[in-house]
file coords04.cif (mmCIF, C-alpha atoms)
data_run
#
loop_
_atom_site.group_PDB
_atom_site.id
_atom_site.type_symbol
_atom_site.label_atom_id
_atom_site.label_comp_id
_atom_site.auth_asym_id
_atom_site.auth_seq_id
_atom_site.Cartn_x
_atom_site.Cartn_y
_atom_site.Cartn_z
ATOM 1 C CA MET A 1 -150.482 184.062 27.022
ATOM 2 C CA ARG A 2 -147.239 182.150 26.397
ATOM 3 C CA ARG A 3 -144.685 183.375 28.891
ATOM 4 C CA SER A 4 -141.156 184.199 27.872
ATOM 5 C CA VAL A 5 -138.735 181.294 28.092
ATOM 6 C CA VAL A 6 -135.287 180.960 26.604
ATOM 7 C CA THR A 7 -132.774 178.140 26.916
ATOM 8 C CA ASN A 8 -130.056 178.821 24.377
ATOM 9 C CA SER A 9 -127.757 176.042 23.299
ATOM 10 C CA ARG A 10 -126.336 174.301 20.285
ATOM 11 C CA ARG A 11 -125.767 171.089 22.201
ATOM 12 C CA PRO A 12 -125.848 170.100 25.865
ATOM 13 C CA PHE A 13 -123.121 171.581 28.026
ATOM 14 C CA GLU A 14 -123.638 170.955 31.711
ATOM 15 C CA LYS A 15 -121.796 173.271 34.049
ATOM 16 C CA PRO A 16 -121.013 172.223 37.633
ATOM 17 C CA MET A 17 -123.244 173.608 40.342
ATOM 18 C CA PRO A 18 -121.009 176.015 42.241
ATOM 19 C CA THR A 19 -122.378 178.382 44.815
ATOM 20 C CA ILE A 20 -120.773 181.439 46.267
ATOM 21 C CA LYS A 21 -121.487 183.535 49.329
ATOM 22 C CA ALA A 22 -121.679 187.264 48.838
ATOM 23 C CA VAL A 23 -120.188 189.595 51.420
ATOM 24 C CA ASP A 24 -123.687 190.056 52.867
ATOM 25 C CA GLY A 25 -123.925 186.293 53.507
ATOM 26 C CA ARG A 26 -126.414 185.418 50.763
ATOM 27 C CA THR A 27 -125.774 182.277 48.732
ATOM 28 C CA TRP A 28 -125.935 182.376 44.926
ATOM 29 C CA GLY A 29 -125.675 179.746 42.208
ATOM 30 C CA TYR A 30 -123.605 180.807 39.230
ATOM 31 C CA ALA A 31 -121.370 179.645 36.379
ATOM 32 C CA ARG A 32 -118.611 181.161 34.274
ATOM 33 C CA TYR A 33 -118.155 180.616 30.541
ATOM 34 C CA GLY A 34 -115.813 181.930 27.893
ATOM 35 C CA GLU A 35 -112.397 183.514 28.436
ATOM 36 C CA ALA A 36 -111.304 183.481 32.067
ATOM 37 C CA GLY A 37 -110.367 187.015 33.022
ATOM 38 C CA GLY A 38 -111.955 188.468 29.889
ATOM 39 C CA LYS A 39 -114.395 191.364 29.804
ATOM 40 C CA PRO A 40 -117.025 190.523 32.443
ATOM 41 C CA VAL A 41 -120.572 190.127 31.141
ATOM 42 C CA LEU A 42 -123.334 189.395 33.651
ATOM 43 C CA VAL A 43 -125.895 187.092 32.028
ATOM 44 C CA HIS A 44 -129.523 186.981 33.170
ATOM 45 C CA HIS A 45 -131.341 183.801 32.132
ATOM 46 C CA GLY A 46 -134.994 183.566 31.101
ATOM 47 C CA LEU A 47 -138.114 182.704 33.060
ATOM 48 C CA ILE A 48 -137.350 178.994 32.801
ATOM 49 C CA GLY A 49 -133.581 178.791 33.093
ATOM 50 C CA ASP A 50 -130.499 178.507 35.238
ATOM 51 C CA ARG A 51 -126.720 178.743 34.947
ATOM 52 C CA ASN A 52 -126.616 176.383 31.913
ATOM 53 C CA ILE A 53 -126.643 178.481 28.755
ATOM 54 C CA GLY A 54 -124.871 176.207 26.280
ATOM 55 C CA VAL A 55 -121.489 175.467 24.794
ATOM 56 C CA ILE A 56 -121.891 178.036 22.014
ATOM 57 C CA TRP A 57 -121.615 180.738 24.678
ATOM 58 C CA ASP A 58 -118.341 179.241 25.877
ATOM 59 C CA ASP A 59 -116.999 179.215 22.318
ATOM 60 C CA LEU A 60 -118.140 182.762 21.564
ATOM 61 C CA GLY A 61 -116.800 184.087 24.841
ATOM 62 C CA LYS A 62 -113.340 182.722 24.084
ATOM 63 C CA ALA A 63 -113.476 184.021 20.517
ATOM 64 C CA ASN A 64 -114.417 187.552 21.604
ATOM 65 C CA GLY A 65 -112.505 187.963 24.874
ATOM 66 C CA LEU A 66 -115.623 187.777 27.050
ATOM 67 C CA GLU A 67 -116.216 186.042 30.350
ATOM 68 C CA TRP A 68 -119.911 185.321 30.767
ATOM 69 C CA ILE A 69 -120.978 185.153 34.406
ATOM 70 C CA VAL A 70 -124.430 183.596 34.731
ATOM 71 C CA ILE A 71 -126.125 184.352 38.042
ATOM 72 C CA GLU A 72 -129.108 182.267 39.061
ATOM 73 C CA ARG A 73 -131.749 184.598 40.412
ATOM 74 C CA PRO A 74 -133.510 183.755 43.701
ATOM 75 C CA GLY A 75 -135.632 180.627 43.353
ATOM 76 C CA TYR A 76 -133.604 179.253 40.431
ATOM 77 C CA GLY A 77 -130.925 176.572 40.369
ATOM 78 C CA GLN A 78 -128.811 176.727 43.512
ATOM 79 C CA THR A 79 -129.984 180.169 44.646
ATOM 80 C CA PRO A 80 -132.472 180.067 47.539
ATOM 81 C CA ALA A 81 -135.791 181.831 47.094
ATOM 82 C CA LEU A 82 -135.800 185.421 48.276
ATOM 83 C CA ALA A 83 -138.497 188.080 48.305
ATOM 84 C CA MET A 84 -138.063 191.208 46.197
ATOM 85 C CA ASP A 85 -140.279 194.279 46.273
ATOM 86 C CA ARG A 86 -139.391 195.498 42.798
ATOM 87 C CA ILE A 87 -136.913 194.946 40.004
ATOM 88 C CA ALA A 88 -135.008 198.090 41.031
ATOM 89 C CA ASP A 89 -133.768 196.125 44.075
ATOM 90 C CA TRP A 90 -131.478 194.079 41.830
ATOM 91 C CA PRO A 91 -128.372 196.324 41.784
ATOM 92 C CA THR A 92 -128.328 196.507 45.593
ATOM 93 C CA MET A 93 -128.550 192.721 45.735
ATOM 94 C CA MET A 94 -125.789 192.299 43.148
ATOM 95 C CA GLU A 95 -123.202 194.681 44.550
ATOM 96 C CA PRO A 96 -122.076 192.393 47.425
ATOM 97 C CA LEU A 97 -121.938 189.446 45.007
ATOM 98 C CA LEU A 98 -119.884 191.266 42.387
ATOM 99 C CA THR A 99 -117.255 191.955 45.043
ATOM 100 C CA VAL A 100 -116.619 188.274 45.724
ATOM 101 C CA LEU A 101 -116.835 187.424 42.013
ATOM 102 C CA GLY A 102 -113.968 189.835 41.419
ATOM 103 C CA VAL A 103 -115.993 192.198 39.226
ATOM 104 C CA THR A 104 -114.723 195.466 40.643
ATOM 105 C CA GLY A 105 -114.877 197.777 37.619
ATOM 106 C CA SER A 106 -117.050 198.187 34.554
ATOM 107 C CA PHE A 107 -119.068 195.308 33.158
ATOM 108 C CA ALA A 108 -121.582 194.531 30.437
ATOM 109 C CA ALA A 109 -124.861 192.754 31.009
ATOM 110 C CA VAL A 110 -127.095 190.505 28.945
ATOM 111 C CA GLY A 111 -130.801 189.938 29.531
ATOM 112 C CA ILE A 112 -132.448 186.916 27.927
ATOM 113 C CA SER A 113 -136.238 187.099 27.709
ATOM 114 C CA ALA A 114 -137.483 187.534 31.314
ATOM 115 C CA GLY A 115 -133.912 188.373 32.344
ATOM 116 C CA ALA A 116 -134.031 191.658 30.422
ATOM 117 C CA PRO A 117 -135.574 193.748 33.235
ATOM 118 C CA TYR A 118 -132.653 192.820 35.506
ATOM 119 C CA ALA A 119 -130.059 193.873 32.947
ATOM 120 C CA TYR A 120 -131.884 197.191 32.593
ATOM 121 C CA ALA A 121 -131.964 197.533 36.377
ATOM 122 C CA LEU A 122 -128.179 197.213 36.593
ATOM 123 C CA ALA A 123 -127.757 199.957 33.995
ATOM 124 C CA ALA A 124 -130.194 202.235 35.817
ATOM 125 C CA GLY A 125 -128.916 201.499 39.310
ATOM 126 C CA MET A 126 -125.167 201.235 38.612
ATOM 127 C CA PRO A 127 -124.622 203.781 35.821
ATOM 128 C CA ALA A 128 -120.938 204.277 36.583
ATOM 129 C CA ARG A 129 -120.213 200.577 36.065
ATOM 130 C CA ALA A 130 -122.724 199.159 33.560
ATOM 131 C CA GLY A 131 -121.072 200.017 30.257
ATOM 132 C CA ARG A 132 -123.275 198.222 27.731
ATOM 133 C CA ILE A 133 -126.306 195.931 27.597
ATOM 134 C CA GLY A 134 -127.372 193.217 25.181
ATOM 135 C CA ILE A 135 -131.045 192.210 25.165
ATOM 136 C CA LEU A 136 -132.161 188.944 23.546
ATOM 137 C CA SER A 137 -135.916 188.581 22.922
ATOM 138 C CA GLY A 138 -136.327 190.674 26.034
ATOM 139 C CA VAL A 139 -139.403 191.432 28.099
ATOM 140 C CA PRO A 140 -140.132 195.141 27.485
ATOM 141 C CA PHE A 141 -140.983 197.916 29.920
ATOM 142 C CA ILE A 142 -144.542 196.701 30.520
ATOM 143 C CA GLY A 143 -145.551 199.832 32.432
ATOM 144 C CA ALA A 144 -144.436 202.288 29.755
ATOM 145 C CA ASP A 145 -147.105 204.050 27.697
ATOM 146 C CA ARG A 146 -148.715 201.822 25.059
ATOM 147 C CA VAL A 147 -146.239 198.948 25.474
ATOM 148 C CA LEU A 148 -148.696 196.577 27.113
ATOM 149 C CA ALA A 149 -151.337 197.584 24.563
ATOM 150 C CA ALA A 150 -149.122 196.017 21.878
ATOM 151 C CA TYR A 151 -149.644 192.609 23.496
ATOM 152 C CA PRO A 152 -152.610 190.454 22.451
ATOM 153 C CA ALA A 153 -155.646 190.471 24.718
ATOM 154 C CA ASP A 154 -154.628 187.313 26.598
ATOM 155 C CA GLY A 155 -151.211 188.785 27.326
ATOM 156 C CA GLN A 156 -152.717 191.990 28.657
ATOM 157 C CA ALA A 157 -155.083 189.979 30.841
ATOM 158 C CA ALA A 158 -152.224 187.858 32.172
ATOM 159 C CA TYR A 159 -150.189 190.886 33.252
ATOM 160 C CA ALA A 160 -153.250 192.442 34.867
ATOM 161 C CA ARG A 161 -153.710 189.208 36.809
ATOM 162 C CA TYR A 162 -150.049 188.976 37.812
ATOM 163 C CA ALA A 163 -150.139 192.491 39.247
ATOM 164 C CA ILE A 164 -152.805 191.631 41.823
ATOM 165 C CA ALA A 165 -152.689 187.843 42.241
ATOM 166 C CA GLU A 166 -151.784 186.360 45.595
ATOM 167 C CA GLY A 167 -148.679 184.209 45.828
ATOM 168 C CA LYS A 168 -150.603 180.962 46.207
ATOM 169 C CA ALA A 169 -152.535 181.526 42.986
ATOM 170 C CA LEU A 170 -149.430 182.502 41.031
ATOM 171 C CA ARG A 171 -147.558 179.431 42.232
ATOM 172 C CA ALA A 172 -150.385 177.139 41.182
ATOM 173 C CA GLU A 173 -150.377 178.715 37.725
ATOM 174 C CA PHE A 174 -146.633 178.364 37.301
ATOM 175 C CA ARG A 175 -146.523 174.773 38.506
ATOM 176 C CA ALA A 176 -148.800 173.927 35.604
ATOM 177 C CA PHE A 177 -146.717 176.107 33.304
ATOM 178 C CA CYS A 178 -143.504 174.293 34.251
ATOM 179 C CA ALA A 179 -145.072 170.933 33.490
ATOM 180 C CA ASP A 180 -146.115 172.255 30.094
ATOM 181 C CA MET A 181 -142.608 173.542 29.382
ATOM 182 C CA VAL A 182 -141.031 170.146 30.020
ATOM 183 C CA ALA A 183 -143.393 168.653 27.454
ATOM 184 C CA THR A 184 -143.228 171.354 24.792
ATOM 185 C CA LEU A 185 -139.514 172.281 25.044
ATOM 186 C CA ALA A 186 -138.097 168.802 25.503
ATOM 187 C CA GLU A 187 -135.748 169.342 22.548
ATOM 188 C CA HIS A 188 -134.022 172.237 24.303
ATOM 189 C CA PRO A 189 -131.145 171.127 26.541
ATOM 190 C CA HIS A 190 -131.422 171.664 30.268
ATOM 191 C CA VAL A 191 -135.140 172.481 30.375
ATOM 192 C CA GLU A 192 -135.930 169.479 32.546
ATOM 193 C CA SER A 193 -133.103 170.129 35.010
ATOM 194 C CA ALA A 194 -133.989 173.822 35.213
ATOM 195 C CA VAL A 195 -137.633 172.997 35.886
ATOM 196 C CA THR A 196 -136.668 170.408 38.515
ATOM 197 C CA ALA A 197 -134.776 173.085 40.445
ATOM 198 C CA ILE A 198 -137.594 175.597 40.014
ATOM 199 C CA LEU A 199 -140.102 173.099 41.400
ATOM 200 C CA ALA A 200 -137.764 172.373 44.319
ATOM 201 C CA HIS A 201 -138.147 176.063 45.185
ATOM 202 C CA ASP A 202 -141.947 175.683 44.786
ATOM 203 C CA VAL A 203 -141.846 177.913 41.661
ATOM 204 C CA ALA A 204 -140.944 180.924 43.802
ATOM 205 C CA GLY A 205 -138.714 182.253 41.014
ATOM 206 C CA PRO A 206 -141.168 182.440 38.091
ATOM 207 C CA ALA A 207 -144.067 183.469 40.331
ATOM 208 C CA ARG A 208 -142.062 186.384 41.742
ATOM 209 C CA GLU A 209 -140.770 187.405 38.318
ATOM 210 C CA ALA A 210 -144.237 187.503 36.764
ATOM 211 C CA ARG A 211 -145.462 189.804 39.500
ATOM 212 C CA LEU A 212 -142.415 192.088 39.369
ATOM 213 C CA GLN A 213 -142.753 192.475 35.592
ATOM 214 C CA ALA A 214 -146.373 193.523 35.994
ATOM 215 C CA ILE A 215 -145.909 196.202 38.675
ATOM 216 C CA ASP A 216 -143.792 199.350 38.782
ATOM 217 C CA TRP A 217 -140.174 198.364 38.138
ATOM 218 C CA GLY A 218 -138.886 201.245 40.255
ATOM 219 C CA PHE A 219 -137.032 203.042 37.454
ATOM 220 C CA ASP A 220 -137.813 204.564 34.066
ATOM 221 C CA ARG A 221 -136.356 203.765 30.654
ATOM 222 C CA SER A 222 -134.677 207.173 30.636
ATOM 223 C CA ALA A 223 -132.449 206.023 33.521
ATOM 224 C CA VAL A 224 -130.782 203.436 31.241
ATOM 225 C CA GLN A 225 -128.073 205.724 29.868
ATOM 226 C CA CYS A 226 -125.584 203.182 28.526
ATOM 227 C CA PRO A 227 -125.774 201.796 24.965
ATOM 228 C CA VAL A 228 -128.354 199.022 24.598
ATOM 229 C CA ASP A 229 -128.371 196.559 21.696
ATOM 230 C CA LEU A 230 -131.631 194.660 21.264
ATOM 231 C CA TRP A 231 -132.117 191.551 19.145
ATOM 232 C CA HIS A 232 -135.680 190.482 18.409
ATOM 233 C CA SER A 233 -137.556 188.498 15.808
ATOM 234 C CA ASP A 234 -140.617 189.756 13.960
ATOM 235 C CA GLY A 235 -141.932 186.220 14.442
ATOM 236 C CA ASP A 236 -141.485 186.116 18.232
ATOM 237 C CA ASP A 237 -144.645 184.426 19.551
ATOM 238 C CA MET A 238 -143.881 185.034 23.234
ATOM 239 C CA VAL A 239 -142.812 188.686 23.415
ATOM 240 C CA PRO A 240 -144.518 190.669 20.620
ATOM 241 C CA CYS A 241 -142.033 192.475 18.446
ATOM 242 C CA ALA A 242 -144.266 195.573 18.364
ATOM 243 C CA ALA A 243 -144.174 195.815 22.165
ATOM 244 C CA ALA A 244 -140.394 195.371 22.249
ATOM 245 C CA ARG A 245 -139.896 198.048 19.577
ATOM 246 C CA MET A 246 -142.132 200.501 21.405
ATOM 247 C CA SER A 247 -140.258 199.851 24.642
ATOM 248 C CA ALA A 248 -136.874 200.316 22.932
ATOM 249 C CA SER A 249 -137.970 203.655 21.472
ATOM 250 C CA GLY A 250 -137.857 205.139 24.968
ATOM 251 C CA LEU A 251 -134.258 204.104 25.660
ATOM 252 C CA PRO A 252 -131.748 206.947 25.208
ATOM 253 C CA LYS A 253 -129.093 204.880 23.384
ATOM 254 C CA ALA A 254 -130.810 201.901 21.776
ATOM 255 C CA ALA A 255 -129.786 199.992 18.648
ATOM 256 C CA TRP A 256 -132.378 197.622 17.183
ATOM 257 C CA HIS A 257 -131.364 194.379 15.451
ATOM 258 C CA ILE A 258 -133.779 192.051 13.677
ATOM 259 C CA GLN A 259 -133.276 188.308 14.039
ATOM 260 C CA ALA A 260 -134.130 186.659 10.737
ATOM 261 C CA GLU A 261 -135.265 183.385 12.310
ATOM 262 C CA PRO A 262 -138.945 183.622 13.383
ATOM 263 C CA SER A 263 -138.468 182.472 16.955
ATOM 264 C CA HIS A 264 -138.361 183.697 20.520
ATOM 265 C CA PHE A 265 -135.159 181.724 20.909
ATOM 266 C CA PRO A 266 -131.967 183.573 19.915
ATOM 267 C CA SER A 267 -130.367 181.976 16.869
ATOM 268 C CA GLU A 268 -126.672 181.177 16.574
ATOM 269 C CA ALA A 269 -126.297 184.141 14.219
ATOM 270 C CA THR A 270 -127.849 186.420 16.844
ATOM 271 C CA LEU A 271 -125.549 185.097 19.564
ATOM 272 C CA GLN A 272 -122.529 185.565 17.319
ATOM 273 C CA GLU A 273 -123.529 189.144 16.511
ATOM 274 C CA MET A 274 -124.141 189.948 20.154
ATOM 275 C CA ALA A 275 -120.808 188.482 21.273
ATOM 276 C CA SER A 276 -118.966 190.408 18.571
ATOM 277 C CA THR A 277 -120.737 193.641 19.548
ATOM 278 C CA LEU A 278 -119.886 193.248 23.231
ATOM 279 C CA GLY A 279 -116.349 192.118 22.458
ATOM 280 C CA ASP A 280 -115.682 195.224 20.384
ATOM 281 C CA ALA A 281 -117.245 197.632 22.871
ATOM 282 C CA GLU A 282 -115.278 199.677 25.327
ATOM 283 C CA LEU A 283 -116.956 199.213 28.703
ATOM 284 C CA ILE A 284 -116.596 202.846 29.675
ATOM 285 C CA THR A 285 -119.495 205.107 30.631
ATOM 286 C CA ASP A 286 -119.685 208.783 29.737
#
call {"tool": "encode", "arguments": {"input": "coords04.cif", "output": "structure tokens"}}
result
Amino acid sequence: MRRSVVTNSRRPFEKPMPTIKAVDGRTWGYARYGEAGGKPVLVHHGLIGDRNIGVIWDDLGKANGLEWIVIERPGYGQTPALAMDRIADWPTMMEPLLTVLGVTGSFAAVGISAGAPYAYALAAGMPARAGRIGILSGVPFIGADRVLAAYPADGQAAYARYAIAEGKALRAEFRAFCADMVATLAEHPHVESAVTAILAHDVAGPAREARLQAIDWGFDRSAVQCPVDLWHSDGDDMVPCAAARMSASGLPKAAWHIQAEPSHFPSEATLQEMASTLGDAELITD
């Protein structure tokens, strides 16, 4: 199975490495792009990623009145590793951080690849504040009926293994995976620096994420009540389009968008469409 990885960029754009302490004392790495003071959009990077998402995001944020706030999840970038029992823990972890980031009202969220479950979690756990979600080549609700069955056999076997594997075994697997990513995705900016940080955390981030995807997320698709726009390619070779479509069919307010380019990586056209959609949306829940 090829795991989901996205590093979106038109050309290198290195953001500084700021950290911030939430009101509960936890330290987080993060970066802001786009229009300062614009509509806040919380961006969740992929399985191999960090705060660096590319200059095109900065351009599109300014053009559409959006401020992208990229939060490095535990074990990525400048955020120390931290245990999580399930993906549903994410909103509780984010609330103290949003306070110090100045995000006090409604927000949108974006989930890129393996970041998708965390965007969904915010919508399910903070329904009064999460006004809209954009999903780019997103990992689907693996535990929903028939979704995992839409994966090829090696993908199904991998998720079965992740659900029961001990931490030591998962870390060994993802150390090898990170080395492979540096070699195969060398043309994508920031892969090497993202992997360097992941290895510094002894791959705690990807190992935890693989396990959390494979077990009960702690909430159902029906709990995601805000509008969700999903962009996916029929030619995605990392997250099968059939699985993503099946997962989306269980979301109450989902809009499906096909990316013409046959890739797991969001194209510039996809990013432009997503930014325009979020820029036009009123971040108000029913």
call {"tool": "residues_around", "arguments": {"input": "coords04.cif", "residues": "A:Val147", "least_positions_apart": "5", "cutoff": "9 Å", "atoms": "only C-alpha atoms", "output": "list in words"}}
result
Pro140, Phe141, Ile142, Ala242, Ala243, Ala244, Arg245, Met246 and Ser247 of chain A
call {"tool": "closest_residue", "arguments": {"input": "coords04.cif", "among": "A:Ala116, A:Ala214, A:Ala269, A:Ile69", "to": "A:Ala160", "atoms": "only C-alpha atoms"}}
result
A:Ala214
call {"tool": "closest_residue", "arguments": {"input": "coords04.cif", "among": "A:Asp180, A:Asp220, A:Glu35, A:Glu173", "to": "A:Ala88", "atoms": "all atoms listed in the file"}}
result
A:Asp220
call {"tool": "residues_around", "arguments": {"input": "coords04.cif", "residues": "A:Leu42", "least_positions_apart": "5", "cutoff": "12 Å", "atoms": "only C-alpha atoms", "output": "PyMOL selection string"}}
result
chain A and resi 30-33+51+66-73+91+94+97-98+101+103+106-112+115-116+118-120+122-123+129-135+278
call {"tool": "axis_aligned_box", "arguments": {"input": "coords04.cif", "around": "stretch 201-219 of chain A", "padding_each_side": "3 Å", "output": "lines of an AutoDock Vina configuration file"}}
result
center_x = -141.7
center_y = 189.4
center_z = 40.4
size_x = 15.3
size_y = 33.4
size_z = 15.6
call {"tool": "build_atoms", "arguments": {"input": "coords04.cif", "residues": "stretch 96-115 of chain A", "atoms": "N, CA, C and O atoms", "output": "PDB file, in the coordinates of the input"}}
result
ATOM      1  N   PRO A  96    -122.908 193.246  46.563  1.00  0.00           N
ATOM      2  CA  PRO A  96    -122.076 192.393  47.425  1.00  0.00           C
ATOM      3  C   PRO A  96    -121.581 191.129  46.722  1.00  0.00           C
ATOM      4  O   PRO A  96    -120.515 190.611  47.046  1.00  0.00           O
ATOM      5  N   LEU A  97    -122.349 190.633  45.745  1.00  0.00           N
ATOM      6  CA  LEU A  97    -121.938 189.446  45.007  1.00  0.00           C
ATOM      7  C   LEU A  97    -120.822 189.765  44.022  1.00  0.00           C
ATOM      8  O   LEU A  97    -119.861 188.997  43.882  1.00  0.00           O
ATOM      9  N   LEU A  98    -120.923 190.890  43.354  1.00  0.00           N
ATOM     10  CA  LEU A  98    -119.884 191.266  42.387  1.00  0.00           C
ATOM     11  C   LEU A  98    -118.524 191.388  43.067  1.00  0.00           C
ATOM     12  O   LEU A  98    -117.487 191.061  42.471  1.00  0.00           O
ATOM     13  N   THR A  99    -118.522 191.821  44.310  1.00  0.00           N
ATOM     14  CA  THR A  99    -117.255 191.955  45.043  1.00  0.00           C
ATOM     15  C   THR A  99    -116.552 190.610  45.147  1.00  0.00           C
ATOM     16  O   THR A  99    -115.359 190.507  44.845  1.00  0.00           O
ATOM     17  N   VAL A 100    -117.273 189.576  45.547  1.00  0.00           N
ATOM     18  CA  VAL A 100    -116.619 188.274  45.724  1.00  0.00           C
ATOM     19  C   VAL A 100    -116.369 187.579  44.387  1.00  0.00           C
ATOM     20  O   VAL A 100    -115.503 186.701  44.295  1.00  0.00           O
ATOM     21  N   LEU A 101    -117.097 187.971  43.347  1.00  0.00           N
ATOM     22  CA  LEU A 101    -116.835 187.424  42.013  1.00  0.00           C
ATOM     23  C   LEU A 101    -115.630 188.090  41.362  1.00  0.00           C
ATOM     24  O   LEU A 101    -115.164 187.655  40.306  1.00  0.00           O
ATOM     25  N   GLY A 102    -115.127 189.144  41.962  1.00  0.00           N
ATOM     26  CA  GLY A 102    -113.968 189.835  41.419  1.00  0.00           C
ATOM     27  C   GLY A 102    -114.306 190.837  40.335  1.00  0.00           C
ATOM     28  O   GLY A 102    -113.421 191.298  39.617  1.00  0.00           O
ATOM     29  N   VAL A 103    -115.577 191.194  40.208  1.00  0.00           N
ATOM     30  CA  VAL A 103    -115.993 192.198  39.226  1.00  0.00           C
ATOM     31  C   VAL A 103    -115.999 193.542  39.950  1.00  0.00           C
ATOM     32  O   VAL A 103    -116.977 193.926  40.593  1.00  0.00           O
ATOM     33  N   THR A 104    -114.897 194.243  39.856  1.00  0.00           N
ATOM     34  CA  THR A 104    -114.723 195.466  40.643  1.00  0.00           C
ATOM     35  C   THR A 104    -114.816 196.744  39.807  1.00  0.00           C
ATOM     36  O   THR A 104    -114.896 197.835  40.365  1.00  0.00           O
ATOM     37  N   GLY A 105    -114.787 196.610  38.486  1.00  0.00           N
ATOM     38  CA  GLY A 105    -114.877 197.777  37.619  1.00  0.00           C
ATOM     39  C   GLY A 105    -116.101 197.725  36.739  1.00  0.00           C
ATOM     40  O   GLY A 105    -117.161 197.281  37.157  1.00  0.00           O
ATOM     41  N   SER A 106    -115.946 198.172  35.490  1.00  0.00           N
ATOM     42  CA  SER A 106    -117.050 198.187  34.554  1.00  0.00           C
ATOM     43  C   SER A 106    -117.393 196.773  34.091  1.00  0.00           C
ATOM     44  O   SER A 106    -116.553 195.880  34.087  1.00  0.00           O
ATOM     45  N   PHE A 107    -118.623 196.597  33.683  1.00  0.00           N
ATOM     46  CA  PHE A 107    -119.068 195.308  33.158  1.00  0.00           C
ATOM     47  C   PHE A 107    -120.150 195.553  32.114  1.00  0.00           C
ATOM     48  O   PHE A 107    -120.726 196.642  32.029  1.00  0.00           O
ATOM     49  N   ALA A 108    -120.420 194.537  31.327  1.00  0.00           N
ATOM     50  CA  ALA A 108    -121.582 194.531  30.437  1.00  0.00           C
ATOM     51  C   ALA A 108    -122.606 193.596  31.042  1.00  0.00           C
ATOM     52  O   ALA A 108    -122.315 192.835  31.972  1.00  0.00           O
ATOM     53  N   ALA A 109    -123.807 193.640  30.519  1.00  0.00           N
ATOM     54  CA  ALA A 109    -124.861 192.754  31.009  1.00  0.00           C
ATOM     55  C   ALA A 109    -125.702 192.287  29.829  1.00  0.00           C
ATOM     56  O   ALA A 109    -125.872 193.010  28.842  1.00  0.00           O
ATOM     57  N   VAL A 110    -126.206 191.078  29.952  1.00  0.00           N
ATOM     58  CA  VAL A 110    -127.095 190.505  28.945  1.00  0.00           C
ATOM     59  C   VAL A 110    -128.384 190.081  29.641  1.00  0.00           C
ATOM     60  O   VAL A 110    -128.348 189.506  30.734  1.00  0.00           O
ATOM     61  N   GLY A 111    -129.509 190.376  29.025  1.00  0.00           N
ATOM     62  CA  GLY A 111    -130.801 189.938  29.531  1.00  0.00           C
ATOM     63  C   GLY A 111    -131.500 189.094  28.493  1.00  0.00           C
ATOM     64  O   GLY A 111    -131.743 189.554  27.367  1.00  0.00           O
ATOM     65  N   ILE A 112    -131.778 187.839  28.836  1.00  0.00           N
ATOM     66  CA  ILE A 112    -132.448 186.916  27.927  1.00  0.00           C
ATOM     67  C   ILE A 112    -133.914 186.821  28.330  1.00  0.00           C
ATOM     68  O   ILE A 112    -134.225 186.408  29.447  1.00  0.00           O
ATOM     69  N   SER A 113    -134.814 187.236  27.455  1.00  0.00           N
ATOM     70  CA  SER A 113    -136.238 187.099  27.709  1.00  0.00           C
ATOM     71  C   SER A 113    -136.627 187.758  29.029  1.00  0.00           C
ATOM     72  O   SER A 113    -136.497 188.964  29.199  1.00  0.00           O
ATOM     73  N   ALA A 114    -137.079 186.973  30.024  1.00  0.00           N
ATOM     74  CA  ALA A 114    -137.483 187.534  31.314  1.00  0.00           C
ATOM     75  C   ALA A 114    -136.308 188.055  32.129  1.00  0.00           C
ATOM     76  O   ALA A 114    -136.504 188.705  33.167  1.00  0.00           O
ATOM     77  N   GLY A 115    -135.080 187.821  31.678  1.00  0.00           N
ATOM     78  CA  GLY A 115    -133.912 188.373  32.344  1.00  0.00           C
ATOM     79  C   GLY A 115    -133.634 189.811  31.958  1.00  0.00           C
ATOM     80  O   GLY A 115    -132.841 190.504  32.619  1.00  0.00           O
TER      81      GLY A 115
END
